[in-house]
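Novice: Structure below; questions to follow.
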Amino acid sequence: MRMPEPDPAVLAQAVRVTEELSRIVGAESVIADAERLRAYECDGFTAHRQRPMVVALPETTEQVVRILKLCQRIGAKVVPRGAGTGLSGGAMPLADGVTLGLAKLNRILDIDYPNRCVVVQPGVTNLAITEAVKADGFYYAPDPSSQLACSIGGNVAENSGGVHCLKYGLTTNNILGLEAVLMSGDVVRVGGRHMEAEGYDFLGLLAGSEGLLAVVTEVTVRILPKAPSAKAMLIGFPTVEQAGACVAAVIGAGIIPAGLEIMDELAIEAAENFVHAGYPLDVEALLIAELDGPEVEVEHLVGRVQAIANEKGAVSVRVSRDEAERDRFWAGRKAAFSAAGRISPDYYVMDGTIPRARLAEVLGRIKGLSKRYGLRVVNVFHAGDGNLHPLILYDVSQPGELAKTEELGAEILRLCVDVGGVLTGEHGVGVEKRDLMEFMFSAVDLDQQQRVKCAFDPGGLLNPGKVFPKLRRCAELGQMHVHQGALPFPDLPRF
Amino acid sequence: MAEVISPGNPGEVGEAIAWAIGGERKLEVRAGGTKRSLGRPVAADVVLDVSRLSRLQAYEPEELVLTAEAATPLGAVEAALAEHGQQLAFEPPDLGSLYGLPEGGATLGGVMACNLSGPRRVKAFAARDHFLGVKAVNGRGEVFKAGGRVVKNVTGYDLCKLLAGSHGTLAVMTEITIKVTPAPEKTRTVLIFGLSDGEAIEALARAMHSSHEVSGAAHLPASLAARSRVAYLSGANAAVTALRVEGFGPSVLARCGALREAFNGTGPLEELHGQNSALLWREIRDLAYFADEPERAVWRLCVPPAEAAVLVARLPEKLGARPYYDWAGGLIWLSVEGAEDAGEPGVRGALGKAGGHALLVRAPETVRRSVPVFQPQDDALAALTARTKQSFDPCHVLNPGRMYNGV
């Protein structure tokens with residue numbers, strides 16, 4: 001993995017940087033010895049590793065400000081890191097970089113029921129927010145599979161979704177305010193406890209910006225009252241095409257389920273053998289649909305979805321009878337990644353999104369690619385929003401197999417873009433998909449994005465080497481070529 | 001009158017911008033022109049009229065996605081959606097009558113550029129949340145795209161969000177892809193009569209804390225309720241608190257019943273169906289109650305919902321403020337006595353420490369030139385705003401000064 005060249009001038013100052021960081025956060029919150037640095041060599045994207053120059057673990061916004069000012073002054077790169085569960089290498093360290101671990105910023109600052117929001121520090125885990133308000137009947141909607149471990153700051157960086165985002169939105173739709181520190185040390189506050197942020201929508205821009213624009217130090221999230229009832233349905237189909245057609249028909253009928261997931265044969269088998277969720281093993285595709293809301297609505301919609309499923313050729317339909325069974329139905333889906341880990345030494349998670357109508361076609365073509373590369377692919381996906389998670393099974397100990405896997409992954413993502421989709425739905429570009437960005441964006445598109453980065457971080461010190469395939473200097477991006485002259489299209493109507 | 005140029009495709013928009021840069025001219029970007037009075041006056045030499053970019057390009061009901069050129073009339077978009085039982089969930093307002101213009105002139109691009117959302121925003125998110133993809137021309141005259149045609153997408157920065165609510169100061173949008181949603185099968189509105197502002201804000205919060213999925217939560221003091229064209233309101237001679245539930249038939253009936261039960265004893269109750277319900281929420285959405293008093297200034301306050309009534313009580317009496325509340329208190333619409341400063345110190349002063357912001361939505365041009373129309377920003381945010389403008393429009397060609405002086 002090609003990363004920005006380490007700056008020898010910065011590396012030469014490593015000891016001094018460590019000392020200065022210790023003065024800011026205390027020696028116990030600075031990690032500089034090779035042994036302990038190993039824990040920070042990668043995030044959830046484990047295919048490539050790099051030991052950081054040093055790790056600092058601040059506990060306050062003020063400390064973050066001082067660290068960023070220090071790094072800005074000496075020209076040291078900074079890599080923000082939350083819980084380290086990211087799947088695209090967004091927190092992959094740099095050899096000459098300071099990894100800024102935000103896990104110690106882990107306090108829930110305020111639970112504000114009258115305004116239906118919670119103010120938290122970025123290191124608070126996703127699930128901890130729901131846990132804090134659950135007893136009062138509320139929850140925080142986005143629920144990525146890693147919600148037990150992943151931090152809300154990381155969720156903001158990646159704009160995380162989860163199985164319920166079809167109905168309840170992604171992180172960007174569920175945050176109200178942010179406090180963030182720029183590389184210069186400037187602290188900006190956008191939004192708050194009110195419903196819409198003012199001015200340019202920096203709140204929306206920072207969501208999904210993968211730690212390249214600012215370091216988030218406080219997040220205000222919207223909480224929702226929990227739905228009074230929910231039921232999950234397991235619907236088996238003889239073919240993936242029929243499962244896809246059922247999804248289209250459900251949405252076409254005006255029904256937006258809380259969750260709508262498809263698993264293919266290999267995924268069903270792996271999950272069933274692992275958690276014994278009661279999945280049917282004689283079908284090629286399993287559709288899991290969850291309906292929530294008032295009891296009368298759930299009853300009504302379960303009936304309608306069942307009718308649509310039968311019409312589309314479902315061979316089995318089961319409706320959860322109680323909460324325990326609903327949890328069990330989901331357990332298999334939620335454990336799908338780990339289940340893949342049990343049937344293969346290694347697996348590589350993809351994250352493309354496609355238009356729903358192309359689902360069957362894309363799966364067919366993935367099957368073809370899988371054969372050609374001689375690598376098994378397990379498919380689980382958020383069918384409601386077309387977000388695919390093909391898992392490529394491989395064995396890193398076989399020479400050349402990782403490279404072959406990455407090639408197959410790139411082909412799958414190119415396929416997603418070809419049918420009108422995108423490279424990543426919720427895992428982020430990071431380093432993993434960085435070099436594929438040109439499949440989707442022109443040089444002009446990418447330059448405009450990089451100019452936005454320049455507005456936040458003119459020195460290019462915050463998390464460089466991620467997202468963009470080519471590092472561009474801000475001075476070069478800012479150049480203008482002005483042409484004097486007359487309006488070049490004389491035929492245009494003018495008034 | 002300023003010269004007008006009307007490009008017919010993104011390439012021509014780019015050429016027009018390059019021409020403007022070369023000749024050091026400034027452009028006012030315009031489509032329907034219904035919201036020209038929203039924002040600071042733009043000091044432009046030439047109007048860049050994009051209204052020829054008005055084709056609805058692709059609509060796939062089963063994908064819940066629609067792509068249209070930016071100046072496609074909102075009415076055309078809504079009509080296409082209605083044919084398939086779908087809608088824009090964010091319920092964009094028509095501000096025509098507020099500005100003394102005909103209704104129906106708004107375009108999709110205008111709505112997105114101003115990030116305007118109606119009452120359903122309390123449940124179903126804002127315009128910006130439905131903005132999936134964009135083609136636009138930046139202030140360098142370069143055509144670029146961002147986002148995509150799918151709902152879930154984190155490929156690159158979310159520049160759609162940045163363009164939503166940028167009032168045409170960053171780029172000229174030429175093509176917009178939005179998420180659309182199924183329209184509800186049934187709608188009911190429960191009215192509670194006679195609550196004070198404070199009591200109403202509490203009632204609205206109670207409704208939002210319930211699991212009844214309220215999709216409209218507004219309160220009209222008696223003087224404004226009297227202006228409604230819905231007889232139940234105009235004849236009530238009392239303040240009216242309105243709660244809307246939408247969705248599938250059996251669910252709506254159940255939730256409507258549950259709300260009536262929950263608010264039994266709070267005040268006299270009434271229920272609106274069909275036409276009456278639709279008319280009421282359209283009035284609330286479009287600021288119909290302020291249309292007949294063009295001499296009064298109008299403010300839009302976005303505040304923490306629970307603070308709304310307290311904040312209104314802090315307004316100086318001399319403003320003669322007439323407020324009403326939407327988004328369960330999160331949005332306050334306010335008309336005040338016309339004055340040289342549109343009551344700005346009093347209105348912004350009332351925001352206090354609770355946070356939030358005030359936008360001057362209607363005032364004469366001279367007032368909008370001298371009074372900050374958008375909420376003033378602190379130094380760090382103002383500097384970031386200026387650098388962001390620079391990153392799209394380095395020569396300040398597009399709508400200069402529309403939002404902030406110098407931006």
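Ordered as shown in the structure tokens, chains take letters A, B, and onward, while each chain numbers its residues from 1 and ligands are numbered from 1 in the order shown.
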Could you list, as an MDAnalysis selection string, every residue within 10 Å of range 333-349 of chain B, counting only C-alpha atoms and ignoring same-chain residues fewer than 2 positions away?
Specialist: chainID B and resid 284 287 289:290 293:302 311:312 314:326 329 331 351:353 356:364 366:368 370:373 375:376
Novice: Using only C-alpha atoms, determine which residues lie at most 8 Å from range 89-102 of chain B, disregarding the query and same-chain residues fewer than 5 positions distant; provide the list as a PyMOL selection string.
Specialist: chain B and resi 34-35+37+111+116-121+124-127+130+180-181+183+282+285-288+290-291+294+362
Novice: I need the residues from that last selection saved to file as a compact mmCIF listing (two decimals), in the first residue's frame (with N, CA, C and O atoms), if you can.
Specialist:
```
# COMPACT_ATOMS: atom_id res chain seq x y z
N THR B 34 -38.41 32.84 -7.23
CA THR B 34 -39.40 33.09 -6.17
C THR B 34 -38.75 33.46 -4.84
O THR B 34 -39.41 33.98 -3.95
N LYS B 35 -37.47 33.14 -4.68
CA LYS B 35 -36.83 33.39 -3.39
C LYS B 35 -35.71 34.44 -3.50
O LYS B 35 -34.77 34.43 -2.73
N SER B 37 -35.87 37.39 -2.70
CA SER B 37 -35.87 38.26 -1.51
C SER B 37 -35.43 37.52 -0.26
O SER B 37 -35.48 38.07 0.83
N VAL B 111 -35.34 25.07 -4.01
CA VAL B 111 -35.67 24.48 -2.71
C VAL B 111 -34.41 23.89 -2.07
O VAL B 111 -34.15 24.07 -0.88
N LEU B 116 -35.04 24.13 2.24
CA LEU B 116 -36.31 24.45 2.88
C LEU B 116 -37.15 23.19 3.08
O LEU B 116 -37.37 22.43 2.15
N SER B 117 -37.61 23.00 4.31
CA SER B 117 -38.43 21.83 4.63
C SER B 117 -39.67 22.28 5.39
O SER B 117 -39.64 23.25 6.12
N GLY B 118 -40.74 21.52 5.23
CA GLY B 118 -42.00 21.86 5.86
C GLY B 118 -42.25 21.10 7.15
O GLY B 118 -41.32 20.55 7.75
N PRO B 119 -43.51 21.07 7.59
CA PRO B 119 -43.85 20.50 8.90
C PRO B 119 -43.37 19.06 9.11
O PRO B 119 -43.00 18.69 10.22
N ARG B 120 -43.36 18.23 8.05
CA ARG B 120 -43.01 16.83 8.24
C ARG B 120 -41.54 16.63 8.62
O ARG B 120 -41.12 15.57 9.03
N ARG B 121 -40.77 17.69 8.51
CA ARG B 121 -39.36 17.64 8.90
C ARG B 121 -39.19 17.14 10.34
O ARG B 121 -38.18 16.55 10.70
N ALA B 124 -39.53 13.37 9.37
CA ALA B 124 -39.00 12.75 8.15
C ALA B 124 -37.77 13.44 7.58
O ALA B 124 -37.49 13.32 6.41
N PHE B 125 -37.03 14.17 8.39
CA PHE B 125 -35.78 14.79 7.95
C PHE B 125 -36.01 15.98 7.00
O PHE B 125 -37.13 16.25 6.60
N ALA B 126 -34.88 16.65 6.68
CA ALA B 126 -34.93 17.89 5.91
C ALA B 126 -34.64 17.66 4.44
O ALA B 126 -34.29 16.56 4.02
N ALA B 127 -34.77 18.73 3.67
CA ALA B 127 -34.46 18.66 2.24
C ALA B 127 -33.06 18.08 2.05
O ALA B 127 -32.85 17.17 1.24
N HIS B 130 -32.47 14.39 1.89
CA HIS B 130 -32.99 13.65 0.73
C HIS B 130 -32.16 13.90 -0.53
O HIS B 130 -32.47 13.40 -1.60
N VAL B 180 -37.02 9.89 -2.82
CA VAL B 180 -38.44 10.15 -2.66
C VAL B 180 -39.04 9.04 -1.80
O VAL B 180 -38.38 8.02 -1.55
N THR B 181 -40.25 9.23 -1.31
CA THR B 181 -40.82 8.22 -0.41
C THR B 181 -42.29 7.95 -0.75
O THR B 181 -42.93 8.79 -1.41
N ALA B 183 -46.15 8.03 -0.47
CA ALA B 183 -47.07 8.96 0.19
C ALA B 183 -47.95 8.17 1.15
O ALA B 183 -48.23 7.00 0.91
N ARG B 282 -50.75 22.95 4.82
CA ARG B 282 -50.21 23.79 3.74
C ARG B 282 -50.07 25.24 4.22
O ARG B 282 -49.09 25.91 3.93
N ARG B 285 -47.09 25.38 6.48
CA ARG B 285 -45.88 25.21 5.67
C ARG B 285 -45.53 26.50 4.91
O ARG B 285 -44.37 26.89 4.85
N ASP B 286 -46.55 27.14 4.33
CA ASP B 286 -46.30 28.27 3.42
C ASP B 286 -46.37 29.63 4.09
O ASP B 286 -46.35 30.66 3.42
N LEU B 287 -46.49 29.69 5.41
CA LEU B 287 -46.59 30.95 6.15
C LEU B 287 -47.78 31.78 5.68
O LEU B 287 -47.72 33.01 5.57
N ALA B 288 -48.89 31.10 5.40
CA ALA B 288 -50.06 31.78 4.84
C ALA B 288 -50.54 32.90 5.76
O ALA B 288 -51.09 33.91 5.29
N PHE B 290 -49.00 35.12 7.26
CA PHE B 290 -48.24 36.36 7.16
C PHE B 290 -48.33 37.01 5.78
O PHE B 290 -47.74 38.06 5.53
N ALA B 291 -49.08 36.34 4.87
CA ALA B 291 -49.09 36.81 3.48
C ALA B 291 -49.76 38.19 3.34
O ALA B 291 -49.34 39.00 2.52
N PRO B 294 -47.65 42.49 4.16
CA PRO B 294 -46.32 42.55 3.56
C PRO B 294 -45.40 43.57 4.24
O PRO B 294 -44.19 43.50 4.08
N ARG B 362 -38.21 37.81 5.51
CA ARG B 362 -38.85 38.83 4.68
C ARG B 362 -38.60 40.21 5.28
O ARG B 362 -38.86 40.43 6.46
```
Novice: Please find the residues of chain B near chain A - the criterion being any atom within 6 Å, counting only C-alpha atoms - and write them as a PyMOL selection string.
Specialist: chain B and resi 4-6+19+22+62+144-145+152-155+157-158+161-162+166+182+209+211+251+303-306+356+381+387-388+391
Novice: So which residues of range 179-351 of chain A fall under helix (DSSP H, G or I) by DSSP, listed as a PyMOL selection string?
Specialist: chain A and resi 202-206+240-252+265-275+295-311+323-334+336-343
Novice: Just the residues within 12 Å of Ala403 in chain A, please, counting only C-alpha atoms, with nothing from its chain fewer than 3 positions along; format it as a PDB file with N, CA and C atoms, in the first residue's frame.
Specialist:
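And here is the file that came out, selection-v6.pdb:
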```
ATOM      1  N   MET A   1       0.850  -1.203   0.000  1.00  0.00           N
ATOM      2  CA  MET A   1       0.000   0.000   0.000  1.00  0.00           C
ATOM      3  C   MET A   1       0.886   1.254   0.000  1.00  0.00           C
ATOM      4  N   ALA A  47      -5.448  -5.949   6.394  1.00  0.00           N
ATOM      5  CA  ALA A  47      -4.590  -6.469   5.327  1.00  0.00           C
ATOM      6  C   ALA A  47      -3.239  -5.752   5.268  1.00  0.00           C
ATOM      7  N   HIS A  48      -3.222  -4.487   5.705  1.00  0.00           N
ATOM      8  CA  HIS A  48      -1.965  -3.733   5.698  1.00  0.00           C
ATOM      9  C   HIS A  48      -1.742  -3.110   7.068  1.00  0.00           C
ATOM     10  N   TYR A 348     -12.530 -10.901   3.239  1.00  0.00           N
ATOM     11  CA  TYR A 348     -12.356  -9.512   2.835  1.00  0.00           C
ATOM     12  C   TYR A 348     -13.756  -8.962   2.582  1.00  0.00           C
ATOM     13  N   TYR A 373     -11.947 -16.306 -10.493  1.00  0.00           N
ATOM     14  CA  TYR A 373     -10.805 -16.089  -9.600  1.00  0.00           C
ATOM     15  C   TYR A 373     -10.528 -17.295  -8.707  1.00  0.00           C
ATOM     16  N   LEU A 375     -12.138 -18.009  -6.013  1.00  0.00           N
ATOM     17  CA  LEU A 375     -12.288 -17.601  -4.610  1.00  0.00           C
ATOM     18  C   LEU A 375     -13.780 -17.596  -4.277  1.00  0.00           C
ATOM     19  N   TYR A 394     -10.544 -16.027   1.649  1.00  0.00           N
ATOM     20  CA  TYR A 394      -9.204 -16.308   1.142  1.00  0.00           C
ATOM     21  C   TYR A 394      -8.313 -16.775   2.283  1.00  0.00           C
ATOM     22  N   ASP A 395      -7.104 -17.086   1.929  1.00  0.00           N
ATOM     23  CA  ASP A 395      -6.144 -17.570   2.925  1.00  0.00           C
ATOM     24  C   ASP A 395      -4.851 -16.795   2.714  1.00  0.00           C
ATOM     25  N   VAL A 396      -4.559 -15.928   3.666  1.00  0.00           N
ATOM     26  CA  VAL A 396      -3.428 -15.024   3.477  1.00  0.00           C
ATOM     27  C   VAL A 396      -2.096 -15.797   3.439  1.00  0.00           C
ATOM     28  N   SER A 397      -2.105 -17.023   3.986  1.00  0.00           N
ATOM     29  CA  SER A 397      -0.852 -17.788   4.009  1.00  0.00           C
ATOM     30  C   SER A 397      -0.534 -18.396   2.644  1.00  0.00           C
ATOM     31  N   GLN A 398      -1.511 -18.421   1.726  1.00  0.00           N
ATOM     32  CA  GLN A 398      -1.243 -18.878   0.364  1.00  0.00           C
ATOM     33  C   GLN A 398      -0.610 -17.730  -0.421  1.00  0.00           C
ATOM     34  N   PRO A 399       0.591 -17.945  -0.962  1.00  0.00           N
ATOM     35  CA  PRO A 399       1.258 -16.856  -1.671  1.00  0.00           C
ATOM     36  C   PRO A 399       0.369 -16.311  -2.799  1.00  0.00           C
ATOM     37  N   GLY A 400       0.271 -14.998  -2.855  1.00  0.00           N
ATOM     38  CA  GLY A 400      -0.462 -14.367  -3.960  1.00  0.00           C
ATOM     39  C   GLY A 400      -1.959 -14.283  -3.758  1.00  0.00           C
ATOM     40  N   GLU A 406      -7.716  -8.873  -3.587  1.00  0.00           N
ATOM     41  CA  GLU A 406      -7.895  -7.428  -3.779  1.00  0.00           C
ATOM     42  C   GLU A 406      -8.286  -7.108  -5.222  1.00  0.00           C
ATOM     43  N   GLU A 407      -7.740  -7.883  -6.153  1.00  0.00           N
ATOM     44  CA  GLU A 407      -8.109  -7.701  -7.563  1.00  0.00           C
ATOM     45  C   GLU A 407      -9.584  -8.015  -7.790  1.00  0.00           C
ATOM     46  N   LEU A 408     -10.025  -9.141  -7.201  1.00  0.00           N
ATOM     47  CA  LEU A 408     -11.435  -9.524  -7.327  1.00  0.00           C
ATOM     48  C   LEU A 408     -12.320  -8.446  -6.694  1.00  0.00           C
ATOM     49  N   GLY A 409     -11.899  -7.975  -5.514  1.00  0.00           N
ATOM     50  CA  GLY A 409     -12.657  -6.923  -4.833  1.00  0.00           C
ATOM     51  C   GLY A 409     -12.801  -5.695  -5.717  1.00  0.00           C
ATOM     52  N   ALA A 410     -11.710  -5.294  -6.356  1.00  0.00           N
ATOM     53  CA  ALA A 410     -11.745  -4.122  -7.229  1.00  0.00           C
ATOM     54  C   ALA A 410     -12.697  -4.353  -8.397  1.00  0.00           C
TER      55      ALA A 410
END
```
Novice: In Å to one decimal, how far is CA of Val120 in chain A from CA of Arg38 in chain A?
Specialist: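 A separation of 28.7 Å between them.
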Novice: One decimal, Å: what's the distance from CA of Ile31 in chain A over to CA of Ala56 in chain A, could you say?
Specialist: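 Separation between CA of Ile31 in chain A and CA of Ala56 in chain A: 6.5 Å.
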Novice: Quick one: everything within 9 Å of Ser338 in chain A, counting only C-alpha atoms, minus sequence neighbours fewer than 4 positions away in the same chain. Send it as a PyMOL selection string.
Specialist: chain A and resi 271+274+334+342
Novice: Quick one: of A:Gly86, A:Gly123, A:Gly278, A:Gly332, who's nearest to Pro144 in chain A, counting only C-alpha atoms?
Specialist: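 Of A:Gly86, A:Gly123, A:Gly278, A:Gly332, the one nearest Pro144 in chain A is A:Gly86, counting only C-alpha atoms.
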Novice: Which residues are near Ser277 in chain B? Cut-off 9 Å, only C-alpha atoms, ignore same chain within fewer than 6 positions. Put them as a PyMOL selection string.
Specialist: chain B and resi 187-189+230+244+271
Novice: Output C-alpha atoms of each residue in that selection to a file, as a short mmCIF file (atom, residue, chain, number, x, y, z; two decimals), in the first residue's frame.
Specialist:
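Ended up saving to again-v8.cif:
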```cif
data_model
loop_
_atom_site.label_atom_id
_atom_site.label_comp_id
_atom_site.auth_asym_id
_atom_site.auth_seq_id
_atom_site.Cartn_x
_atom_site.Cartn_y
_atom_site.Cartn_z
CA THR B 187 -53.87 11.34 7.30
CA ARG B 188 -55.56 12.60 10.45
CA THR B 189 -54.95 15.76 12.45
CA VAL B 230 -60.11 25.97 7.92
CA ARG B 244 -50.73 15.05 12.50
CA GLU B 271 -60.17 15.97 14.45
#
```
Novice: Taking only C-alpha atoms into account, which of A:Ile308, A:Val315, A:Met183, A:Ala270 comes nearest Asp282 in chain A?
Specialist: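 Using only C-alpha atoms, the shortest distance to Asp282 in chain A belongs to A:Val315.
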Novice: Please, what distance in Å, to one decimal, runs between CA of Cys246 in chain A and CA of Glu290 in chain A?
Specialist: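 So the two atoms, CA of Cys246 in chain A and CA of Glu290 in chain A, lie 14.0 Å apart.
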Novice: Pick out the closest residue to Ala76 in chain A from this set: A:Gly89, A:Pro6, A:Gly101, A:Gly368. Count only C-alpha atoms.
Specialist: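 Between A:Gly89, A:Pro6, A:Gly101, A:Gly368, the residue approaching Ala76 in chain A most closely is A:Pro6.
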Novice: Write out as a PyMOL selection string which residues come within 9 Å of Gly168 in chain B when counting only C-alpha atoms, dropping same-chain ones fewer than 3 positions away.
Specialist: chain B and resi 28-30+110+113-114+163-165+171-173+398-399+402
Novice: Write out the residues from the selection above, keeping N, CA and C atoms, as a CSV table (one decimal), in the first residue's frame.
Specialist:
```csv
chain,number,residue,atom,x,y,z
B,28,GLU,N,-25.8,36.8,-10.6
B,28,GLU,CA,-26.8,36.4,-9.7
B,28,GLU,C,-27.4,35.1,-10.3
B,29,VAL,N,-27.4,34.1,-9.5
B,29,VAL,CA,-27.9,32.8,-10.0
B,29,VAL,C,-29.4,32.7,-9.8
B,30,ARG,N,-30.2,32.4,-10.8
B,30,ARG,CA,-31.6,32.4,-10.6
B,30,ARG,C,-32.3,31.3,-11.4
B,110,GLY,N,-34.0,25.5,-6.4
B,110,GLY,CA,-34.2,26.6,-5.5
B,110,GLY,C,-34.5,26.1,-4.1
B,113,ALA,N,-31.2,24.7,-2.8
B,113,ALA,CA,-30.2,25.7,-2.5
B,113,ALA,C,-30.5,26.4,-1.2
B,114,CYS,N,-31.8,26.5,-0.8
B,114,CYS,CA,-32.2,27.1,0.4
B,114,CYS,C,-32.5,26.1,1.5
B,163,LEU,N,-23.8,22.0,-0.6
B,163,LEU,CA,-24.6,22.8,-1.5
B,163,LEU,C,-26.0,23.1,-1.0
B,164,ALA,N,-26.6,22.2,-0.3
B,164,ALA,CA,-27.9,22.4,0.2
B,164,ALA,C,-27.8,23.5,1.2
B,165,GLY,N,-28.6,24.6,1.0
B,165,GLY,CA,-28.5,25.7,2.0
B,165,GLY,C,-27.4,26.6,1.8
B,171,ALA,N,-21.8,27.0,-5.9
B,171,ALA,CA,-21.8,26.4,-7.3
B,171,ALA,C,-23.2,26.6,-7.9
B,172,VAL,N,-23.2,26.4,-9.2
B,172,VAL,CA,-24.5,26.5,-9.8
B,172,VAL,C,-25.0,25.0,-10.1
B,173,MET,N,-26.0,24.6,-9.4
B,173,MET,CA,-26.4,23.2,-9.5
B,173,MET,C,-27.1,23.1,-10.9
B,398,LEU,N,-20.2,34.0,-7.9
B,398,LEU,CA,-21.6,33.5,-7.7
B,398,LEU,C,-22.3,34.1,-6.5
B,399,ASN,N,-23.4,34.7,-6.8
B,399,ASN,CA,-24.2,35.3,-5.7
B,399,ASN,C,-23.4,35.9,-4.6
B,402,ARG,N,-24.6,37.0,-0.8
B,402,ARG,CA,-26.0,36.5,-0.6
B,402,ARG,C,-26.2,36.1,0.9
```
Novice: Near Ala218 in chain B, within 7 Å and counting only C-alpha atoms, which residues show up once chain neighbours fewer than 2 positions away are dropped, as a PyMOL selection string?
Specialist: chain B and resi 216+220+241-243+325-328
